[in-house]
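> Dropping in structure-v4.pdb, which is PDB, C-alpha atoms:
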```pdb
MODEL        1
ATOM      1  CA  MET A   1      90.831  26.132  50.397
ATOM      2  CA  ALA A   2      87.471  27.701  51.215
ATOM      3  CA  GLY A   3      89.196  30.988  52.108
ATOM      4  CA  SER A   4      90.589  31.789  48.674
ATOM      5  CA  LYS A   5      88.281  33.619  46.334
ATOM      6  CA  VAL A   6      88.165  31.465  43.178
ATOM      7  CA  LYS A   7      85.461  31.860  40.574
ATOM      8  CA  GLN A   8      83.570  28.621  40.587
ATOM      9  CA  ASP A   9      80.554  27.549  38.663
ATOM     10  CA  MET A  10      77.845  27.348  41.304
ATOM     11  CA  PRO A  11      74.080  26.818  41.077
ATOM     12  CA  PRO A  12      71.876  29.923  40.935
ATOM     13  CA  ARG A  13      70.328  31.481  44.017
ATOM     14  CA  GLY A  14      67.388  29.460  45.178
ATOM     15  CA  GLY A  15      68.609  26.373  43.496
ATOM     16  CA  TYR A  16      67.412  24.843  40.326
ATOM     17  CA  ALA A  17      63.741  24.363  39.606
ATOM     18  CA  SER A  18      62.428  20.939  40.378
ATOM     19  CA  PHE A  19      61.800  18.504  37.497
ATOM     20  CA  ASP A  20      60.136  15.212  37.101
ATOM     21  CA  TYR A  21      62.628  12.361  37.487
ATOM     22  CA  LYS A  22      60.423   9.503  38.648
ATOM     23  CA  ARG A  23      59.962   6.652  36.186
ATOM     24  CA  ASN A  24      56.906   6.917  33.973
ATOM     25  CA  ILE A  25      55.787   3.694  32.375
ATOM     26  CA  PRO A  26      52.075   4.210  31.692
ATOM     27  CA  LYS A  27      49.770   1.284  31.538
ATOM     28  CA  ARG A  28      48.369   1.316  28.028
ATOM     29  CA  GLY A  29      47.142  -1.043  25.344
ATOM     30  CA  LEU A  30      45.455  -4.359  25.685
ATOM     31  CA  SER A  31      46.158  -6.785  28.445
ATOM     32  CA  GLY A  32      48.042  -9.980  27.789
ATOM     33  CA  TYR A  33      44.933 -12.140  27.738
ATOM     34  CA  SER A  34      43.209  -9.843  25.288
ATOM     35  CA  MET A  35      46.213  -9.874  23.000
ATOM     36  CA  PHE A  36      46.170 -13.675  23.000
ATOM     37  CA  GLY A  37      42.455 -13.569  22.360
ATOM     38  CA  LEU A  38      42.902 -11.170  19.471
ATOM     39  CA  GLY A  39      45.634 -13.305  17.929
ATOM     40  CA  ILE A  40      43.680 -16.496  18.319
ATOM     41  CA  GLY A  41      40.602 -14.790  16.947
ATOM     42  CA  VAL A  42      42.463 -13.647  13.852
ATOM     43  CA  MET A  43      43.836 -17.152  13.394
ATOM     44  CA  VAL A  44      40.427 -18.760  13.741
ATOM     45  CA  PHE A  45      39.003 -16.367  11.212
ATOM     46  CA  GLY A  46      41.873 -17.211   8.884
ATOM     47  CA  TYR A  47      41.306 -20.920   9.296
ATOM     48  CA  TRP A  48      37.626 -20.572   8.568
ATOM     49  CA  ARG A  49      38.331 -18.702   5.353
ATOM     50  CA  LEU A  50      40.980 -21.287   4.401
ATOM     51  CA  PHE A  51      38.683 -24.250   4.915
ATOM     52  CA  ARG A  52      35.947 -22.617   2.882
ATOM     53  CA  TRP A  53      38.280 -21.872   0.025
ATOM     54  CA  ASN A  54      39.774 -25.356   0.170
ATOM     55  CA  ARG A  55      36.333 -26.877  -0.162
ATOM     56  CA  GLU A  56      35.741 -24.678  -3.179
ATOM     57  CA  ARG A  57      39.078 -25.743  -4.631
ATOM     58  CA  ARG A  58      38.157 -29.358  -4.136
ATOM     59  CA  ARG A  59      34.939 -28.792  -6.042
ATOM     60  CA  LEU A  60      36.902 -27.144  -8.844
ATOM     61  CA  GLN A  61      39.360 -30.026  -8.906
ATOM     62  CA  ILE A  62      36.557 -32.547  -9.146
ATOM     63  CA  GLU A  63      35.218 -30.575 -12.080
ATOM     64  CA  ASP A  64      38.634 -30.750 -13.754
ATOM     65  CA  LEU A  65      38.802 -34.484 -13.221
ATOM     66  CA  GLU A  66      35.313 -34.930 -14.637
ATOM     67  CA  ALA A  67      36.325 -32.942 -17.702
ATOM     68  CA  ARG A  68      39.339 -35.188 -18.127
ATOM     69  CA  ILE A  69      37.181 -38.288 -17.876
ATOM     70  CA  ALA A  70      34.748 -36.870 -20.380
ATOM     71  CA  LEU A  71      37.503 -36.185 -22.895
ATOM     72  CA  MET A  72      39.293 -39.490 -22.471
ATOM     73  CA  PRO A  73      37.448 -41.494 -25.160
ATOM     74  CA  LEU A  74      38.138 -38.828 -27.755
ATOM     75  CA  LEU A  75      41.801 -38.515 -26.912
ATOM     76  CA  GLN A  76      42.277 -42.269 -26.698
ATOM     77  CA  ALA A  77      40.574 -42.753 -30.065
ATOM     78  CA  GLU A  78      42.802 -40.136 -31.662
ATOM     79  CA  LYS A  79      45.875 -41.718 -30.168
ATOM     80  CA  ASP A  80      44.837 -45.163 -31.368
ATOM     81  CA  ARG A  81      44.216 -43.872 -34.878
ATOM     82  CA  ARG A  82      47.601 -42.236 -34.906
ATOM     83  CA  THR A  83      49.297 -45.374 -33.638
ATOM     84  CA  LEU A  84      47.718 -47.494 -36.335
ATOM     85  CA  ARG A  85      48.565 -44.992 -39.042
ATOM     86  CA  VAL A  86      52.195 -44.800 -37.972
ATOM     87  CA  MET A  87      52.455 -48.574 -37.750
ATOM     88  CA  ARG A  88      51.036 -48.920 -41.243
ATOM     89  CA  GLU A  89      53.528 -46.401 -42.593
ATOM     90  CA  ASN A  90      56.373 -48.200 -40.822
ATOM     91  CA  LEU A  91      55.273 -51.492 -42.295
ATOM     92  CA  GLU A  92      55.291 -50.126 -45.825
ATOM     93  CA  GLU A  93      58.671 -48.525 -45.313
ATOM     94  CA  GLU A  94      60.021 -51.742 -43.936
ATOM     95  CA  ALA A  95      58.813 -53.559 -47.025
ATOM     96  CA  ILE A  96      60.690 -51.089 -49.211
ATOM     97  CA  ILE A  97      63.876 -51.053 -47.151
ATOM     98  CA  MET A  98      64.274 -54.741 -46.494
ATOM     99  CA  LYS A  99      63.328 -56.076 -49.884
ATOM    100  CA  ASP A 100      66.882 -57.043 -50.727
ATOM    101  CA  VAL A 101      67.678 -58.649 -47.401
ATOM    102  CA  PRO A 102      67.506 -62.444 -47.670
ATOM    103  CA  GLY A 103      65.224 -64.304 -45.320
ATOM    104  CA  TRP A 104      63.375 -61.271 -43.995
ATOM    105  CA  LYS A 105      59.651 -61.521 -43.446
ATOM    106  CA  VAL A 106      58.050 -58.107 -43.561
ATOM    107  CA  GLY A 107      55.756 -57.339 -40.642
ATOM    108  CA  GLU A 108      56.761 -60.481 -38.836
ATOM    109  CA  SER A 109      55.613 -60.458 -35.249
ATOM    110  CA  VAL A 110      58.216 -61.340 -32.647
ATOM    111  CA  PHE A 111      55.564 -62.988 -30.506
ATOM    112  CA  HIS A 112      54.046 -66.442 -30.873
ATOM    113  CA  THR A 113      50.617 -65.165 -29.930
ATOM    114  CA  THR A 114      48.332 -63.308 -32.308
ATOM    115  CA  ARG A 115      47.087 -60.947 -29.650
ATOM    116  CA  TRP A 116      47.459 -57.212 -30.075
ATOM    117  CA  VAL A 117      50.620 -56.024 -28.351
ATOM    118  CA  THR A 118      50.851 -52.310 -27.679
ATOM    119  CA  PRO A 119      53.803 -51.037 -29.712
ATOM    120  CA  LEU A 120      56.763 -49.421 -28.043
ATOM    121  CA  SER A 121      57.548 -45.775 -28.643
ATOM    122  CA  GLU A 122      60.787 -46.965 -30.255
ATOM    123  CA  GLU A 123      58.783 -49.034 -32.689
ATOM    124  CA  LEU A 124      56.571 -46.160 -33.662
ATOM    125  CA  CYS A 125      59.370 -43.725 -34.466
ATOM    126  CA  ASN A 126      62.041 -46.186 -35.495
ATOM    127  CA  LEU A 127      62.440 -44.534 -38.861
ATOM    128  CA  SER A 128      62.000 -40.971 -37.652
ATOM    129  CA  PRO A 129      64.815 -38.719 -36.461
ATOM    130  CA  ARG A 130      65.925 -39.072 -32.904
ATOM    131  CA  GLU A 131      64.351 -35.804 -31.759
ATOM    132  CA  GLU A 132      60.944 -37.223 -32.403
ATOM    133  CA  PHE A 133      61.666 -40.210 -30.224
ATOM    134  CA  LEU A 134      62.966 -38.038 -27.414
ATOM    135  CA  ASN A 135      59.967 -35.759 -27.746
ATOM    136  CA  MET A 136      57.602 -38.689 -27.590
ATOM    137  CA  ARG A 137      59.267 -40.120 -24.564
ATOM    138  CA  PHE A 138      60.257 -37.046 -22.563
ATOM    139  CA  GLY A 139      58.340 -34.147 -24.091
ATOM    140  CA  PHE A 140      56.011 -33.892 -21.150
ATOM    141  CA  LEU A 141      58.891 -32.831 -18.925
ATOM    142  CA  SER A 142      59.365 -29.449 -20.568
ATOM    143  CA  TYR A 143      56.965 -26.605 -20.165
ATOM    144  CA  LEU A 144      57.142 -24.923 -23.529
TER
ATOM    145  CA  MET Z   1      59.511 -74.440   3.477
ATOM    146  CA  PRO Z   2      57.391 -75.802   0.730
ATOM    147  CA  PHE Z   3      55.300 -78.222   2.764
ATOM    148  CA  VAL Z   4      54.608 -76.009   5.757
ATOM    149  CA  ASP Z   5      52.790 -72.809   4.795
ATOM    150  CA  ILE Z   6      53.863 -70.624   7.675
ATOM    151  CA  GLN Z   7      52.626 -67.351   6.236
ATOM    152  CA  SER Z   8      49.042 -68.395   5.813
ATOM    153  CA  TRP Z   9      49.142 -70.133   9.205
ATOM    154  CA  LEU Z  10      50.235 -66.879  10.786
ATOM    155  CA  GLY Z  11      47.919 -64.844   8.588
ATOM    156  CA  ILE Z  12      50.641 -62.527   7.317
ATOM    157  CA  ASN Z  13      51.698 -61.676   3.799
ATOM    158  CA  VAL Z  14      55.363 -60.890   3.892
ATOM    159  CA  ASP Z  15      56.335 -61.409   0.283
ATOM    160  CA  GLY Z  16      53.355 -63.015  -1.381
ATOM    161  CA  TRP Z  17      52.183 -59.720  -2.751
ATOM    162  CA  MET Z  18      55.288 -59.201  -4.867
ATOM    163  CA  LEU Z  19      55.844 -62.671  -6.237
ATOM    164  CA  GLN Z  20      54.098 -62.082  -9.524
ATOM    165  CA  GLN Z  21      53.146 -59.087 -11.619
ATOM    166  CA  SER Z  22      49.680 -60.514 -12.137
ATOM    167  CA  GLY Z  23      48.748 -60.311  -8.467
ATOM    168  CA  ALA Z  24      46.840 -57.476  -6.850
ATOM    169  CA  GLN Z  25      48.533 -54.195  -7.697
ATOM    170  CA  PRO Z  26      48.136 -50.831  -5.958
ATOM    171  CA  HIS Z  27      45.420 -48.716  -7.593
ATOM    172  CA  HIS Z  28      44.521 -51.790  -9.684
ATOM    173  CA  ARG Z  29      46.913 -50.766 -12.442
ATOM    174  CA  ALA Z  30      47.702 -53.597 -14.786
ATOM    175  CA  PRO Z  31      51.364 -54.171 -15.586
ATOM    176  CA  ARG Z  32      52.562 -54.087 -19.134
ATOM    177  CA  CYS Z  33      53.001 -57.825 -19.556
ATOM    178  CA  HIS Z  34      49.992 -58.883 -17.542
ATOM    179  CA  ALA Z  35      48.414 -60.911 -20.339
ATOM    180  CA  PHE Z  36      51.598 -62.784 -21.134
ATOM    181  CA  GLU Z  37      52.308 -63.590 -17.540
ATOM    182  CA  LYS Z  38      48.752 -64.730 -16.980
ATOM    183  CA  GLU Z  39      48.960 -67.065 -19.961
ATOM    184  CA  TRP Z  40      52.205 -68.563 -18.767
ATOM    185  CA  ILE Z  41      50.988 -69.061 -15.230
ATOM    186  CA  GLU Z  42      47.733 -70.606 -16.389
ATOM    187  CA  CYS Z  43      49.637 -72.904 -18.692
ATOM    188  CA  GLY Z  44      52.239 -73.880 -16.154
ATOM    189  CA  HIS Z  45      50.161 -74.002 -13.018
ATOM    190  CA  GLY Z  46      50.961 -76.813 -10.645
ATOM    191  CA  ILE Z  47      53.806 -78.342 -12.610
ATOM    192  CA  GLY Z  48      56.636 -76.323 -11.121
ATOM    193  CA  GLN Z  49      58.851 -73.659 -12.617
ATOM    194  CA  ILE Z  50      61.435 -75.881 -14.257
ATOM    195  CA  ARG Z  51      58.826 -77.853 -16.157
ATOM    196  CA  ALA Z  52      56.865 -74.714 -16.935
ATOM    197  CA  LYS Z  53      59.840 -73.175 -18.631
ATOM    198  CA  LYS Z  54      60.276 -76.254 -20.803
ATOM    199  CA  GLU Z  55      56.731 -77.267 -21.542
ATOM    200  CA  CYS Z  56      55.121 -73.865 -21.862
ATOM    201  CA  LEU Z  57      57.933 -72.501 -23.969
ATOM    202  CA  PRO Z  58      55.876 -70.303 -26.368
ATOM    203  CA  GLU Z  59      54.102 -68.536 -23.509
ATOM    204  CA  PHE Z  60      57.330 -68.156 -21.594
ATOM    205  CA  GLU Z  61      59.160 -66.776 -24.598
ATOM    206  CA  ASP Z  62      56.396 -64.283 -25.249
ATOM    207  CA  PHE Z  63      56.453 -63.172 -21.638
ATOM    208  CA  TYR Z  64      60.208 -62.804 -21.684
ATOM    209  CA  GLU Z  65      60.035 -60.891 -24.930
ATOM    210  CA  CYS Z  66      57.372 -58.585 -23.551
ATOM    211  CA  MET Z  67      59.489 -57.832 -20.514
ATOM    212  CA  HIS Z  68      62.832 -57.326 -22.184
ATOM    213  CA  LYS Z  69      61.894 -56.634 -25.797
ATOM    214  CA  GLN Z  70      65.162 -58.098 -27.003
ATOM    215  CA  LYS Z  71      63.836 -59.512 -30.257
ATOM    216  CA  THR Z  72      61.957 -56.303 -30.966
ATOM    217  CA  HIS Z  73      65.030 -54.195 -30.500
ATOM    218  CA  LYS Z  74      67.135 -56.534 -32.579
ATOM    219  CA  ARG Z  75      64.631 -56.301 -35.405
ATOM    220  CA  LEU Z  76      64.369 -52.537 -35.211
ATOM    221  CA  TYR Z  77      68.132 -52.270 -35.180
ATOM    222  CA  ALA Z  78      68.410 -54.416 -38.290
ATOM    223  CA  ILE Z  79      65.884 -52.246 -40.113
ATOM    224  CA  ARG Z  80      67.696 -49.069 -39.079
ATOM    225  CA  GLN Z  81      71.091 -50.442 -40.152
ATOM    226  CA  GLN Z  82      69.742 -51.440 -43.531
ATOM    227  CA  ARG Z  83      68.104 -48.067 -43.992
ATOM    228  CA  ASP Z  84      71.300 -46.208 -43.131
ATOM    229  CA  LYS Z  85      73.204 -48.424 -45.530
ATOM    230  CA  LEU Z  86      70.760 -47.653 -48.319
ATOM    231  CA  VAL Z  87      70.825 -43.943 -47.550
ATOM    232  CA  LYS Z  88      74.599 -43.962 -47.700
ATOM    233  CA  GLU Z  89      74.513 -45.751 -51.011
ATOM    234  CA  GLY Z  90      72.037 -43.174 -52.187
ATOM    235  CA  THR Z  91      69.350 -45.577 -53.302
ATOM    236  CA  TYR Z  92      66.813 -44.607 -50.655
ATOM    237  CA  THR Z  93      65.436 -41.328 -49.379
ATOM    238  CA  PRO Z  94      63.138 -41.282 -46.360
ATOM    239  CA  PRO Z  95      59.615 -40.241 -47.213
ATOM    240  CA  SER Z  96      58.164 -37.019 -45.878
ATOM    241  CA  CYS Z  97      56.251 -38.684 -43.101
ATOM    242  CA  HIS Z  98      59.479 -39.872 -41.522
ATOM    243  CA  SER Z  99      61.561 -36.747 -41.904
ATOM    244  CA  GLY Z 100      60.563 -35.159 -38.660
ATOM    245  CA  LYS Z 101      58.117 -32.641 -40.038
ATOM    246  CA  PRO Z 102      55.121 -31.803 -37.861
ATOM    247  CA  GLU Z 103      52.070 -33.921 -38.385
ATOM    248  CA  HIS Z 104      48.967 -32.857 -40.188
ATOM    249  CA  GLY Z 105      45.890 -34.806 -39.321
ATOM    250  CA  PRO Z 106      44.923 -37.392 -36.735
TER
ENDMDL
END
```
Kindly present the structure from the file in structure tokens form.

Amino acid sequence: MAGSKVKQDMPPRGGYASFDYKRNIPKRGLSGYSMFGLGIGVMVFGYWRLFRWNRERRRLQIEDLEARIALMPLLQAEKDRRTLRVMRENLEEEAIIMKDVPGWKVGESVFHTTRWVTPLSEELCNLSPREEFLNMRFGFLSYL
Amino acid sequence: MPFVDIQSWLGINVDGWMLQQSGAQPHHRAPRCHAFEKEWIECGHGIGQIRAKKECLPEFEDFYECMHKQKTHKRLYAIRQQRDKLVKEGTYTPPSCHSGKPEHGP
């Protein structure tokens, strides 16, 4: 078929210009060891900052605990006063309510001993609505 | 076996730590009925459980009551029933301190 004159798409005279086809992966950046070193260095710096801040947090927590200890007598005294007041009110109410019930001794202790027995939360709000009892028992679970 | 104390011979404490509430507790926190149990154990020491339940009956009853609060609850229930009965009859109104209003004062 070389004899017939057919218009074919041939390269130009002199051929194409040469171009760069070899692979070109330049060596750049840090080496592997240095990258490890950099990572470990960043981590060590992070750890050092962490440990310092944790020590500071521990000091702050100790301060909080000390504040709690310092306030405890006051809070306990207030709670005790409130307990006694509520028990007194309950006793008077009981006297009013149960005055027609035969054989009922007002303020009778269910124990044989005369020691102080810490009252139950049910005892303290026996005559109050149920929400108060639930609040007393489980109020600490809610955030508001 | 009651006459051969294996645990102290071996130096282990498999269940001795949980036999009574009044023993050593973690963080030294006293249980609720510590006083009652201590009284009962001191009263009934060395005479065995069966005799202790009979002869130290007041202490045992107090300890049982502290743990289960049955008499307390029965009493509270009776008071509540009577109060509801009176409220229904209309002869009794709860005072302001028991109506659920917020407290004023310590």
> Using only C-alpha atoms, determine which residues of chain Z fall within 9 Å of chain A; present them as an MDAnalysis selection string.
chainID Z and resid 32 58:59 61:63 65:66 71:73 75:77 79:80 82:83 86 92 94:95 97:100 105:106
> What does the distance between CA of Trp17 (chain Z) and CA of Pro2 (chain Z) come to in Å, to one decimal place?
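We find that CA of Trp17 (chain Z) and CA of Pro2 (chain Z) lie 17.3 Å from each other.
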> Rank Z:Gly16, Z:Trp40, Z:Ala78, Z:Glu55 by their smallest atom-to-atom distance to Trp104 (chain A), using all atoms listed in the file, and report the top residue only.
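Of Z:Gly16, Z:Trp40, Z:Ala78, Z:Glu55, the one nearest Trp104 (chain A) is Z:Ala78, counting all atoms listed in the file.
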> With the file shown as input, list the residues that the PyMOL selection byres ((chain Z and resi 43) around 10) selects, as a list in words.
Glu37, Lys38, Glu39, Trp40, Ile41, Glu42, Gly44, His45, Gly46, Ile47, Ala52, Glu55, Cys56, Leu57, Glu59 and Phe60 of chain Z
> So what do you get for CA of Glu92 (chain A) versus CA of Gly107 (chain A), distance-wise?
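A separation of 8.9 Å between them.
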> What does the structure give for the distance between CA of Ala35 (chain Z) and CA of Gln76 (chain A), in Å to one decimal?
20.6 Å
> Translate the PyMOL selection byres ((chain Z and resi 21) around 9), as applied to the file shown, into an explicit residue set as an mmCIF file with C-alpha atoms, in the coordinates of the input.

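Full text of selection_29.cif as output:
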```cif
data_model
loop_
_atom_site.group_PDB
_atom_site.id
_atom_site.type_symbol
_atom_site.label_atom_id
_atom_site.label_comp_id
_atom_site.auth_asym_id
_atom_site.auth_seq_id
_atom_site.Cartn_x
_atom_site.Cartn_y
_atom_site.Cartn_z
ATOM 1 C CA TRP Z 17 52.183 -59.720 -2.751
ATOM 2 C CA MET Z 18 55.288 -59.201 -4.867
ATOM 3 C CA LEU Z 19 55.844 -62.671 -6.237
ATOM 4 C CA GLN Z 20 54.098 -62.082 -9.524
ATOM 5 C CA SER Z 22 49.680 -60.514 -12.137
ATOM 6 C CA GLY Z 23 48.748 -60.311 -8.467
ATOM 7 C CA ALA Z 24 46.840 -57.476 -6.850
ATOM 8 C CA GLN Z 25 48.533 -54.195 -7.697
ATOM 9 C CA ALA Z 30 47.702 -53.597 -14.786
ATOM 10 C CA PRO Z 31 51.364 -54.171 -15.586
ATOM 11 C CA CYS Z 33 53.001 -57.825 -19.556
ATOM 12 C CA HIS Z 34 49.992 -58.883 -17.542
ATOM 13 C CA GLU Z 37 52.308 -63.590 -17.540
ATOM 14 C CA LYS Z 38 48.752 -64.730 -16.980
#
```
